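The structure under discussion appears below in the form of structure tokens.
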Amino acid sequence: MIQPHTAPKKRVLTTALLLALAQPVAAQDATDTTGASDPATLDAITVTGIRQSLTSSMNLKRDAQGIVDGIVAEDIGKFPDTNLAESLQRISGVSIDRSAGEGSRVTVRGVGPDFNLVLLNGRQMPASSIEATNASNSRAFDFANLASEAVSGIEVYKSSRAATPTGGIGATIDIKTGRPFDMGDQVSVGMKTVHDTSNENLPKSMRGSSMTGEMSGIFSTVSEDGRFGLAVSASYQERDSGYNEAAVGGGWYAFPGDEGPLALPDQAANATNPPGADDIYSIPQNLIYGLNGIQRQRTNGQATLQFAPTDRITATLDYTYSENRIQHRRHELSTWFNQAASRTSWTGGPIASPISYTEFVDFTEVDGLLEGSDLAMAGAHFATKNENKSLGFNVAWEVTDALALELDYHTSTAESGADSPWGSNNALGTAAFVRGDTTVDFSGDFPILGVELPPGMTQVGADRMMVTGSSFRNSYMKSEVEQGQLRGRFDFENYSSLQFGAAFTEVKNRSAYGFTQRDDWGGFGGRAADYADDLWIADDMSRYFDQFPGSGAMFGQFFMFDFARVRDAAIAARGGDAAAYLPPPDFSTDRRATEKSKSAYLQWNNTWDLQMPLHASIGVRYEQTDVVSRALVPIATGLTWTGENEFAVQFGDPDFTELRGSYDYWLPSLDLSLEVTDSVVLRGSYGHSIGRPQWNHIQGGQTLDSFASFEGGTGSQGDPGLKPLESQNFDLSVEWYYAESSYVSVGWFRKNIDNYIGTSMMEISPFDIRTPVGGTYYNEAVANGCTPGSTGFRGCVRDYIFDNFAGAPGVDVANGRISGQPGDPLAVFRVSVPVNKESSSLKGWEFNAQHVFGDTGFGLAANYTIVDSDLTYDDYNLGDQFALVGLSDSANFVAFYDKGPWQIRAAYNWRDKFLSSTYDSWRPNPVYVESYGQLDVNVSYQVNDHFSIHAEAINLTDETTRSHGRSENQVFYATQTGPRYMLGFRARF
């Protein structure tokens, strides 16, 4: 990326050497576009390590135009952290989202991952991923897919500039990889062994290897005449890990105090300190304990060829590849509730939450056995592959001493899909129908389950186990970017310069899925006798949550099983219907969107020596985008009642629909920096930026969710005509570089953001779908003794219909299904529609300090970020709301020692509580992630000039994570992982 010309500055020799080493990530001057570096000179540079990395990052910040932070590799092949996201969190204002205990996506200054643009060597990168059950709708780049060994640095542009591509409101993040003309002749090889203790806290049948390996290598060479350069890097990593979680994964039902179950006299009478009429209270949908074993294989590679036919022309051809394959095994113990709050105790209002929640369950005799509700024990196999490819070509031409041009073209893809013949996400529901009165203690951080078994039973027997429902899903996402960029700069004789450029970018995104689902969660259609006892492996769930106090008191009896064997047994029990336990061959939902953008920019840079040098960049960027969105969506044909509170939407053949939209923007920018002294810099920036909507927001069709409830169903539809978010960005900062490698800075920022995309809910009855609720059969059951609101009401209605209308249209006794019929009420669906409806501002402060204690080798680096916005969630409001997700304060503290052969670093990262979602499951409820801090330690020893050994510890203090709803008692997820230890070596020649 061609950078503005700045006036010369005084630098000590060490700083100059560091900047030379950090060339791939420092601001590149156009006069360096030949890239014909002298390999002998590069070989002589040996300044590496923690202190040098921090100093180079400091100089990147100091020399930049605008507000820029960054991270520079400590040495070739040695980035500060194995995971790029975990390195980025060390930068002020940058917070990360963790997935399975590892950093994945970043939030910058309170702006979520979808609105931070990620570049690779200045090129826009596509992003794809598979969520739990569907392809993702997100534009966010997953840093877990990219290994760090080939990365020479990362630049984070926090202020907007005309020359910077659009899409990042929080920041534009540019990942830099090594180039042979920058690295010269050298070879670097590294190997690591990894011990992830989270893998130990799983049943033996779910564990991977106790030790896994990582290896990486970089080779770079330049011809003797400096005209040709070749660099090749590769890495391969295996990691076996796990995490265990307790969750109210189905979310919470929220009610005003005078409505819902506790408004019924019999339930209110059995409540201790019941909510008042003006309070808000919530009851759980379910409680799930889950064990998760994960195996990951990550392969990365890059090849770069450079050719400098003259001293003024450099051509670069590069190819980058990454693959991340993930296998995920899961076993669960769960209970599902029916809004029948039989005995409860509550916190005070106005947000009343359960301290203890109980639902009574009666036992009935079936074939000589006492049966209750289902004690569910699902098992799942997920297998996905994420693959990224990028082919790029760049020509930099120094036409004259004053004019430089650069042409860059790349085509890149990100593709995610199933890596198993069973699909990307596969679950078998199993259960023993032995659950009686069920209680959950929500008084502590960890929910404690209590279950009464039938009289005389102390242990759940394998002879009571059977397969219930199942789901086999095949999800797929592919994003493609084709981009051409022309950049140039003309330097005038008076230290001013004009940057200019034009670009075209085409982004194609495809998000598709299909599923085969049997909604026999109530256990119809099969018998326990169909399944051999040796299929089931008894265990106790309480053994796997030792980091949560009180977990040993929970009811933990459950069975694990071999997924393939039980799947085969289910096929046999269903008469050999193997297709019922495979994903469909075709996608039922297929969303495709194409964005074509054209852009151009001008940016004038000048320096005035007014006793105090003043640098300015004034620019404007024009962006025009056309959107075409097509969607193949399933057409709903009916609604079936499959369990007490479970309804399934039936679908017919899918069909395509198409919608279009367009928008254009002028985006001005202004950067000013004033060198008050040789060590003090004042900065001010103003600029406009845009962030494009998520892919589901611009989908071309209406999609109904396959699961519904007693109250109705849900769905979504998109609008390609949505405007992007537009942000006016203000930045002010003061930086004091008071000693070599030491500085302090204070920055203030404000973002006025328009066109926030909120959700408008429509209550509609699409496709003339009928519901049995309120229909002929239902009404007769009510007329004959089933009292609405009473305990077991829905079970009473279902039993009455099965007993009295067996064989009637829509009544399938064998499979426990009751379908809506002509004349029954129309089913009501709450369909979410994205709309541009909110404007707000966020503002904050960033504090940075870095200090090196002379020649002692000791140093400190710390930062603290405060972010605030008036767009917060109102816990007392039960309606749909829009609020900023991801908004939180954050802090980092790094202490290091770097002298002689030793390098030691301890880094503590903290993120305050933040809102992660305005929906828990499908209901409008907040989900707050509680504050979290993690300590990581790295130690390395340089044996000689060519060989070093190093050790790392991640999450050394074994922290847990937790999220909750409107109050802390309303746990959503409580997750336990574990520390990760690594030992390895690096050799450099």
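How things are named: the first chain in the structure tokens is A, the next is B, and so on; residues count from 1 in each chain; ligands count from 1 in the order shown.
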
Practice task
Determine, counting only C-alpha atoms, which protein, DNA and RNA residues have an atom within 6 Å of an atom of Ser322 of chain A; residues of the same chain fewer than 6 positions away are not included. Present the result as JSON, numbers by chain.
Solution key: {"A": [299, 300, 387, 388]}

Handout entry: Near-Arg296 of chain A list (9 Å; only C-alpha atoms; drop same-chain fewer than 4 positions) as a ChimeraX atom specification
Key = /A:237-241,324-328

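Note that atom CA of Ala593 of chain A and atom CA of Gly701 of chain A are 11.3 Å apart.
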
Exercise for the section: Run DSSP on the backbone and give me the residues of segment 458-621 of chain A it puts in strand (DSSP E or B), as an MDAnalysis selection string. Expected result: chainID A and resid 465:491 497:518 536:540 557:561 589:610 612:621

Emit the selected residues as a JSON list (two decimals), in the first residue's frame, including C-alpha atoms.
[["chain", "number", "residue", "atom", "x", "y", "z"],
["A", 465, "MET", "CA", -32.67, -46.31, 26.88],
["A", 466, "MET", "CA", -33.89, -45.66, 23.33],
["A", 467, "VAL", "CA", -33.36, -43.31, 20.40],
["A", 468, "THR", "CA", -35.84, -40.45, 20.17],
["A", 469, "GLY", "CA", -35.37, -37.56, 17.75],
["A", 470, "SER", "CA", -32.50, -37.01, 15.34],
["A", 471, "SER", "CA", -31.07, -34.32, 13.10],
["A", 472, "PHE", "CA", -28.59, -34.69, 10.24],
["A", 473, "ARG", "CA", -27.57, -31.36, 8.74],
["A", 474, "ASN", "CA", -25.39, -30.40, 5.83],
["A", 475, "SER", "CA", -24.30, -26.77, 5.89],
["A", 476, "TYR", "CA", -22.15, -24.98, 3.35],
["A", 477, "MET", "CA", -20.74, -21.47, 2.94],
["A", 478, "LYS", "CA", -18.48, -20.05, 0.29],
["A", 479, "SER", "CA", -17.31, -16.49, -0.14],
["A", 480, "GLU", "CA", -15.30, -15.31, -3.14],
["A", 481, "VAL", "CA", -13.52, -11.99, -3.64],
["A", 482, "GLU", "CA", -12.12, -10.75, -6.94],
["A", 483, "GLN", "CA", -10.40, -7.42, -6.57],
["A", 484, "GLY", "CA", -8.28, -5.15, -8.72],
["A", 485, "GLN", "CA", -6.61, -2.04, -7.31],
["A", 486, "LEU", "CA", -4.61, 0.73, -8.98],
["A", 487, "ARG", "CA", -2.73, 3.01, -6.62],
["A", 488, "GLY", "CA", -0.38, 5.87, -7.24],
["A", 489, "ARG", "CA", 1.42, 8.75, -5.64],
["A", 490, "PHE", "CA", 3.00, 11.88, -6.97],
["A", 491, "ASP", "CA", 5.53, 13.73, -4.80],
["A", 497, "SER", "CA", 2.19, 14.50, -2.28],
["A", 498, "LEU", "CA", -0.99, 13.34, -3.95],
["A", 499, "GLN", "CA", -2.21, 9.79, -3.54],
["A", 500, "PHE", "CA", -4.83, 8.46, -5.91],
["A", 501, "GLY", "CA", -6.38, 5.16, -6.77],
["A", 502, "ALA", "CA", -9.30, 3.21, -8.15],
["A", 503, "ALA", "CA", -10.56, -0.30, -7.51],
["A", 504, "PHE", "CA", -13.21, -2.79, -8.39],
["A", 505, "THR", "CA", -14.32, -5.48, -5.96],
["A", 506, "GLU", "CA", -16.78, -8.30, -6.53],
["A", 507, "VAL", "CA", -17.84, -10.39, -3.56],
["A", 508, "LYS", "CA", -19.95, -13.50, -4.08],
["A", 509, "ASN", "CA", -21.39, -15.22, -1.05],
["A", 510, "ARG", "CA", -23.28, -18.50, -0.90],
["A", 511, "SER", "CA", -24.84, -19.82, 2.28],
["A", 512, "ALA", "CA", -26.77, -23.08, 2.07],
["A", 513, "TYR", "CA", -28.03, -25.94, 4.18],
["A", 514, "GLY", "CA", -30.30, -28.94, 4.17],
["A", 515, "PHE", "CA", -31.38, -31.28, 6.92],
["A", 516, "THR", "CA", -33.14, -34.52, 7.65],
["A", 517, "GLN", "CA", -34.89, -34.36, 10.98],
["A", 518, "ARG", "CA", -37.02, -36.80, 12.95],
["A", 536, "TRP", "CA", -24.98, -47.62, 26.34],
["A", 537, "ILE", "CA", -21.98, -46.58, 28.47],
["A", 538, "ALA", "CA", -22.89, -45.35, 31.96],
["A", 539, "ASP", "CA", -21.12, -42.29, 33.40],
["A", 540, "ASP", "CA", -21.67, -39.42, 35.82],
["A", 557, "GLN", "CA", -26.42, -40.07, 35.68],
["A", 558, "PHE", "CA", -26.24, -40.37, 31.93],
["A", 559, "PHE", "CA", -25.21, -42.71, 29.12],
["A", 560, "MET", "CA", -22.71, -42.12, 26.35],
["A", 561, "PHE", "CA", -22.67, -44.19, 23.20],
["A", 589, "THR", "CA", -32.11, -23.40, 1.61],
["A", 590, "ASP", "CA", -29.56, -21.78, -0.68],
["A", 591, "ARG", "CA", -28.87, -18.05, -0.36],
["A", 592, "ARG", "CA", -26.65, -16.32, -2.89],
["A", 593, "ALA", "CA", -25.63, -12.68, -2.92],
["A", 594, "THR", "CA", -23.31, -10.74, -5.19],
["A", 595, "GLU", "CA", -21.91, -7.32, -4.32],
["A", 596, "LYS", "CA", -20.14, -5.37, -7.04],
["A", 597, "SER", "CA", -18.32, -2.27, -5.85],
["A", 598, "LYS", "CA", -16.40, 0.43, -7.69],
["A", 599, "SER", "CA", -14.33, 2.95, -5.80],
["A", 600, "ALA", "CA", -11.91, 5.82, -6.35],
["A", 601, "TYR", "CA", -10.01, 8.10, -4.01],
["A", 602, "LEU", "CA", -7.78, 11.17, -3.83],
["A", 603, "GLN", "CA", -5.65, 12.02, -0.83],
["A", 604, "TRP", "CA", -3.37, 15.05, -0.52],
["A", 605, "ASN", "CA", -0.56, 14.97, 2.02],
["A", 606, "ASN", "CA", 1.53, 17.89, 3.09],
["A", 607, "THR", "CA", 3.99, 18.93, 5.77],
["A", 608, "TRP", "CA", 4.47, 22.48, 7.01],
["A", 609, "ASP", "CA", 7.51, 23.37, 9.07],
["A", 610, "LEU", "CA", 5.93, 25.99, 11.32],
["A", 612, "MET", "CA", 6.53, 22.64, 15.01],
["A", 613, "PRO", "CA", 6.14, 20.33, 11.95],
["A", 614, "LEU", "CA", 2.50, 19.86, 10.99],
["A", 615, "HIS", "CA", 1.52, 16.90, 8.80],
["A", 616, "ALA", "CA", -1.85, 16.72, 7.09],
["A", 617, "SER", "CA", -3.71, 14.25, 4.88],
["A", 618, "ILE", "CA", -6.95, 15.40, 3.29],
["A", 619, "GLY", "CA", -8.88, 12.96, 1.15],
["A", 620, "VAL", "CA", -12.16, 11.72, -0.21],
["A", 621, "ARG", "CA", -13.27, 8.29, -1.34]]

Problem - Residues within 12 Å of segment 544-553 of chain A, only C-alpha atoms, excluding chain neighbours under 4 positions, as a PyMOL selection string - result: chain A and resi 198-204+242-246+289-292+331-332+440-451+539-540+557+957-962+974-978

Problem - In segment 654-853 of chain A, DSSP helix (DSSP H, G or I) residues written as a PyMOL selection string - result: chain A and resi 695-698+766-768+776-783+793-804

Exercise for the section: Pick out the closest residue to Phe853 of chain A from this set: A:Asn137, A:Glu735, A:His946, A:Ser742. Count only C-alpha atoms. Expected result: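 Residue with the minimum atom-to-atom distance to Phe853 of chain A: A:Ser742.
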
For segment 903-913 of chain A, work out the shell of residues within 10 Å, counting only C-alpha atoms and skipping chain neighbours fewer than 3 positions away, then give it as a CSV table (one decimal) with N, CA and C atoms, in the first residue's frame.
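Saved file part.csv follows:
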chain,number,residue,atom,x,y,z
A,49,GLY,N,13.5,-10.2,19.3
A,49,GLY,CA,13.1,-10.4,20.6
A,49,GLY,C,11.9,-9.5,21.0
A,50,ILE,N,11.5,-9.7,22.3
A,50,ILE,CA,10.3,-9.0,22.8
A,50,ILE,C,10.5,-7.5,22.8
A,51,ARG,N,11.6,-7.0,23.3
A,51,ARG,CA,11.8,-5.6,23.3
A,51,ARG,C,11.8,-5.0,21.9
A,80,PRO,N,4.3,-13.1,18.3
A,80,PRO,CA,4.1,-13.2,19.8
A,80,PRO,C,3.2,-14.3,20.3
A,86,GLU,N,-5.4,-13.8,19.5
A,86,GLU,CA,-4.9,-13.6,20.9
A,86,GLU,C,-3.7,-12.6,20.9
A,89,GLN,N,-5.5,-9.0,20.7
A,89,GLN,CA,-6.1,-8.5,22.0
A,89,GLN,C,-5.1,-7.7,22.8
A,90,ARG,N,-3.8,-7.8,22.5
A,90,ARG,CA,-2.9,-7.0,23.3
A,90,ARG,C,-2.9,-5.5,22.9
A,94,VAL,N,-8.9,-3.5,21.3
A,94,VAL,CA,-9.2,-4.7,20.6
A,94,VAL,C,-9.6,-5.8,21.6
A,95,SER,N,-10.8,-6.4,21.5
A,95,SER,CA,-11.2,-7.5,22.3
A,95,SER,C,-11.5,-8.7,21.4
A,96,ILE,N,-11.5,-9.8,21.9
A,96,ILE,CA,-11.7,-11.0,21.1
A,96,ILE,C,-12.9,-11.9,21.6
A,857,GLY,N,16.9,-5.2,31.0
A,857,GLY,CA,16.2,-6.2,30.4
A,857,GLY,C,14.7,-6.3,30.7
A,858,PHE,N,14.3,-5.6,31.8
A,858,PHE,CA,13.0,-5.6,32.3
A,858,PHE,C,12.2,-4.5,31.6
A,859,GLY,N,10.9,-4.8,31.4
A,859,GLY,CA,10.0,-3.8,30.8
A,859,GLY,C,8.6,-4.1,31.1
A,860,LEU,N,7.7,-3.1,30.9
A,860,LEU,CA,6.3,-3.2,31.1
A,860,LEU,C,5.6,-2.6,29.9
A,861,ALA,N,4.4,-3.1,29.6
A,861,ALA,CA,3.5,-2.5,28.6
A,861,ALA,C,2.1,-2.7,29.1
A,862,ALA,N,1.3,-1.7,29.1
A,862,ALA,CA,-0.1,-1.8,29.6
A,862,ALA,C,-1.0,-0.9,28.8
A,863,ASN,N,-2.2,-1.2,28.7
A,863,ASN,CA,-3.2,-0.4,28.1
A,863,ASN,C,-4.6,-0.6,28.7
A,864,TYR,N,-5.4,0.4,28.6
A,864,TYR,CA,-6.8,0.3,29.2
A,864,TYR,C,-7.7,1.1,28.2
A,865,THR,N,-8.8,0.5,27.9
A,865,THR,CA,-9.8,1.1,27.0
A,865,THR,C,-11.1,1.2,27.6
A,866,ILE,N,-11.7,2.4,27.6
A,866,ILE,CA,-13.0,2.6,28.1
A,866,ILE,C,-13.9,2.9,26.9
A,886,GLY,N,-21.1,-6.4,22.0
A,886,GLY,CA,-19.7,-6.4,22.1
A,886,GLY,C,-19.1,-5.2,22.7
A,887,LEU,N,-19.9,-4.3,23.2
A,887,LEU,CA,-19.4,-3.1,23.9
A,887,LEU,C,-18.9,-3.4,25.3
A,888,SER,N,-17.6,-3.2,25.5
A,888,SER,CA,-17.0,-3.4,26.8
A,888,SER,C,-15.7,-2.7,27.0
A,889,ASP,N,-15.3,-2.5,28.2
A,889,ASP,CA,-14.0,-2.0,28.6
A,889,ASP,C,-13.0,-3.2,28.5
A,890,SER,N,-11.8,-2.9,28.3
A,890,SER,CA,-10.8,-3.9,28.2
A,890,SER,C,-9.4,-3.4,28.7
A,891,ALA,N,-8.6,-4.3,29.1
A,891,ALA,CA,-7.2,-3.9,29.6
A,891,ALA,C,-6.2,-5.1,29.3
A,892,ASN,N,-5.0,-4.7,29.2
A,892,ASN,CA,-3.9,-5.6,29.0
A,892,ASN,C,-2.7,-5.2,29.9
A,893,PHE,N,-2.0,-6.1,30.4
A,893,PHE,CA,-0.8,-5.8,31.1
A,893,PHE,C,0.3,-6.9,30.7
A,894,VAL,N,1.4,-6.4,30.3
A,894,VAL,CA,2.5,-7.3,29.9
A,894,VAL,C,3.8,-6.9,30.7
A,895,ALA,N,4.4,-7.9,31.3
A,895,ALA,CA,5.7,-7.7,32.0
A,895,ALA,C,6.6,-8.6,31.3
A,896,PHE,N,7.8,-8.1,31.0
A,896,PHE,CA,8.8,-8.9,30.2
A,896,PHE,C,10.2,-8.7,30.7
A,897,TYR,N,11.0,-9.7,30.4
A,897,TYR,CA,12.5,-9.7,30.6
A,897,TYR,C,13.1,-10.1,29.3
A,898,ASP,N,14.0,-9.3,28.8
A,898,ASP,CA,14.7,-9.7,27.5
A,898,ASP,C,16.1,-9.2,27.6
A,899,LYS,N,17.0,-10.1,28.0
A,899,LYS,CA,18.4,-9.8,28.1
A,899,LYS,C,19.2,-11.1,28.0
A,900,GLY,N,20.3,-11.0,27.2
A,900,GLY,CA,21.1,-12.2,27.0
A,900,GLY,C,20.3,-13.3,26.4
A,916,SER,N,-23.7,-9.9,24.3
A,916,SER,CA,-23.3,-10.6,23.1
A,916,SER,C,-24.4,-10.9,22.2
A,928,TYR,N,-25.6,-11.7,28.3
A,928,TYR,CA,-24.4,-11.0,28.7
A,928,TYR,C,-23.3,-12.0,29.0
A,929,VAL,N,-22.1,-11.7,28.4
A,929,VAL,CA,-20.9,-12.5,28.7
A,929,VAL,C,-20.2,-11.8,29.9
A,930,GLU,N,-20.0,-12.5,31.0
A,930,GLU,CA,-19.4,-11.9,32.2
A,930,GLU,C,-17.9,-11.6,32.0
A,931,SER,N,-17.4,-10.7,32.8
A,931,SER,CA,-16.0,-10.3,32.7
A,931,SER,C,-15.1,-11.5,32.8
A,932,TYR,N,-14.0,-11.4,32.0
A,932,TYR,CA,-13.1,-12.5,31.9
A,932,TYR,C,-11.6,-12.0,31.8
A,933,GLY,N,-10.8,-12.6,32.6
A,933,GLY,CA,-9.3,-12.3,32.5
A,933,GLY,C,-8.5,-13.6,32.4
A,934,GLN,N,-7.4,-13.5,31.6
A,934,GLN,CA,-6.6,-14.7,31.3
A,934,GLN,C,-5.2,-14.4,31.4
A,935,LEU,N,-4.4,-15.2,32.0
A,935,LEU,CA,-2.9,-15.0,32.1
A,935,LEU,C,-2.2,-16.0,31.2
A,936,ASP,N,-1.3,-15.5,30.3
A,936,ASP,CA,-0.5,-16.3,29.5
A,936,ASP,C,1.0,-16.0,29.8
A,937,VAL,N,1.8,-17.0,29.7
A,937,VAL,CA,3.2,-16.9,30.0
A,937,VAL,C,4.1,-17.5,28.9
A,938,ASN,N,5.2,-16.8,28.5
A,938,ASN,CA,6.0,-17.4,27.5
A,938,ASN,C,7.5,-17.2,27.9
A,939,VAL,N,8.3,-18.3,27.8
A,939,VAL,CA,9.7,-18.3,28.2
A,939,VAL,C,10.5,-18.9,27.1
A,940,SER,N,11.6,-18.2,26.7
A,940,SER,CA,12.4,-18.8,25.6
A,940,SER,C,13.9,-18.6,26.0
A,941,TYR,N,14.7,-19.5,25.5
A,941,TYR,CA,16.2,-19.4,25.8
A,941,TYR,C,16.9,-19.6,24.5
A,942,GLN,N,17.8,-18.6,24.2
A,942,GLN,CA,18.6,-18.7,23.0
A,942,GLN,C,19.9,-19.4,23.3
A,950,HIS,N,11.7,-22.9,23.7
A,950,HIS,CA,10.7,-22.0,24.3
A,950,HIS,C,9.6,-22.8,24.9
A,951,ALA,N,8.9,-22.2,25.9
A,951,ALA,CA,7.8,-22.8,26.6
A,951,ALA,C,6.7,-21.8,26.7
A,952,GLU,N,5.5,-22.2,26.6
A,952,GLU,CA,4.3,-21.3,26.7
A,952,GLU,C,3.3,-22.0,27.6
A,953,ALA,N,2.5,-21.1,28.3
A,953,ALA,CA,1.4,-21.6,29.1
A,953,ALA,C,0.2,-20.6,28.8
A,954,ILE,N,-0.9,-21.1,28.3
A,954,ILE,CA,-2.1,-20.3,27.9
A,954,ILE,C,-3.2,-20.6,29.0
A,955,ASN,N,-3.8,-19.6,29.4
A,955,ASN,CA,-4.8,-19.7,30.5
A,955,ASN,C,-4.3,-20.4,31.7
A,962,ARG,N,-18.7,-17.5,31.7
A,962,ARG,CA,-20.1,-17.6,32.0
A,962,ARG,C,-20.9,-16.5,31.3
A,963,SER,N,-22.1,-16.8,30.9
A,963,SER,CA,-23.0,-15.8,30.3
A,963,SER,C,-24.3,-16.0,31.0

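Here atom CA of Arg207 of chain A and atom CA of Phe563 of chain A stand 15.0 Å from one another.
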
Handout entry: Residue contacts of Gly249 of chain A (8 Å, only C-alpha atoms) excluding same-chain residues fewer than 3 positions away, as a PyMOL selection string
Key = chain A and resi 285-288+920-921+972-973

For the selection you just gave me, I'd like the residues written to a file as a compact mmCIF listing (two decimals), in the first residue's frame, keeping C-alpha atoms.
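After the write, again31.txt holds the following:
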# COMPACT_ATOMS: atom_id res chain seq x y z
CA GLN A 285 -36.84 -23.69 28.71
CA ASN A 286 -34.35 -26.45 29.58
CA LEU A 287 -31.08 -27.33 31.25
CA ILE A 288 -28.28 -29.03 29.35
CA ASP A 920 -31.31 -16.17 23.57
CA SER A 921 -32.33 -18.98 21.28
CA PHE A 972 -27.13 -19.10 29.74
CA TYR A 973 -23.73 -20.81 29.47

Exercise for the section: Skip Val828 of chain A itself and residues of its chain fewer than 2 positions away, then list as a ChimeraX atom specification all residues within 12 Å of it, counting only C-alpha atoms. Expected result: /A:639,649,704,708-715,761-773,825-826,830-831

Exercise for the section: Rank A:Met554, A:Leu632, A:Leu915, A:Leu725 by their smallest atom-to-atom distance to Asp114 of chain A, using only C-alpha atoms, and report the top residue only. Expected result: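 Selected residue with least distance to Asp114 of chain A: A:Leu725.
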
Using only C-alpha atoms, which protein or nucleic acid residues come within 8 Å of Asp880 of chain A? Drop anything in the same chain fewer than 5 positions from it, and give the result as a compact mmCIF listing (two decimals) with C-alpha atoms, in the first residue's frame.
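Resulting contents of out_39.txt:
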# COMPACT_ATOMS: atom_id res chain seq x y z
CA THR A 759 -35.13 -6.10 13.60
CA SER A 760 -38.76 -5.49 12.99
CA MET A 761 -41.07 -8.37 13.84
CA PRO A 924 -35.93 -11.40 22.53

Practice task
Kindly indicate which residue among A:Thr918, A:Thr172, A:Thr400, A:Thr316 lies nearest to Val156 of chain A, using only C-alpha atoms for the distances.
Solution key: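 Result for the nearest residue to Val156 of chain A: A:Thr172.
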
Problem - Nearest-residue call for Pro261 of chain A, choices A:Ala806, A:Val106, A:Thr791, A:Arg330, using only C-alpha atoms - result: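 Distance minimum relative to Pro261 of chain A lands on A:Thr791.
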
Problem - Pick from A:Arg527, A:Arg98, A:Arg312, A:Lys751, whichever lies nearest to Ala171 of chain A using only C-alpha atoms - result: A:Lys751

Practice task
Measuring atom to atom with only C-alpha atoms, identify which of A:Leu983, A:Lys723, A:Glu646, A:Ala529 is nearest to Gly661 of chain A.
Solution key: A:Lys723
